[in-house]
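Q: A single structure is presented below for examination.
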Amino acid sequence: QPQPLPHAMKPSLVVLISLLSGAAGYNMASSRRAFLANAGGAAAAASVVLSSPSPSLAASAGVVKSCKSGSQNCVSRSFQAAASKDKAAEQLLSAVNSYPSSGLEDGKVDGGGYKLVEDSLSSTGFARWEFQSSGKGKLAKFFNGGKPFTDDLEVLISDSGRVDLTSSSRVGDSDFGVNAKRVAYIEAALREKGWK
């Protein structure tokens with residue numbers, strides 16, 4: 001027999017039904033804001049509301065979690081730095097710091113900025129940044145109390161110069177391509193430095 005919905009979920013579902021009834025058309029857009037302006041976005045919001053929040057990536061020394069198979073809110077890459085571990089750390093910091101503080105696509109991607117929250121590059125080779133949405137989109141307003149969504153970017157540089165990088169959303173089943181765009185920007189900056 002079906003279980004009743006938790007009380008806290010009922011207002012969110014009312015908002016979702018309103019979005020679905022007022023939206024028309026389906027067009028996979030390049031940003032969360034644009035995507036949520038149509039029925040497809042409102043339906044996708046249901047998966048965020050009804051899914052359990054996934055924990056942020058563990059900041060454990062020596063390990064960068066990889067994405068689950070089929071994940072639509074996580075991107076992992078591995079590189080070989082063209083430098084020593086210390087130089088690789090310097091180049092990585094430079095690449096990430098070149099990311100626009102106002103985000104990409106006029107703030108539609110990471111409009112809330114980013115910050116380095118753990119830096120153990122000189123010892124364990126590990127670092128973690130938090131990237132935030134602007135908090136102005138419909139999804140943030142209706143389902144996150146107007147607060148920005150936070151994504152984690154983790155990197156680990158080994159003594160051999162191998163660099164593992166993972167960018168992952170903390171909640172939801174889809175990120176509407178945000179993690180891939182972030183990683184593509186950083187990857188291009190690293191490739192310019194001779195990384196493979």
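Within each chain, counting starts at residue 1; across the structure tokens, chains are named A, B, ... in the order shown, with ligands numbered 1 upward in that order.
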Need the shell around Ala89 of chain A: protein/DNA/RNA residues with any atom at most 10 Å away, counting only C-alpha atoms. Skip same-chain ones fewer than 5 positions apart. Format as a list in words?
A: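 The neighbour list is Ala81, Ala83, Ser84, Ser94, Ala95, Ser120, Leu121, Ser122, Gly125, Phe126, Ala127, Val155, Leu156, Ile157, Gly161 and Val163 of chain A.
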Q: So which residues touch Ser133 of chain A within 9 Å, counting only C-alpha atoms, skipping near sequence neighbours fewer than 2 positions away, as a PyMOL selection string?
A: chain A and resi 103+107-113+131+135-137+140+147-151
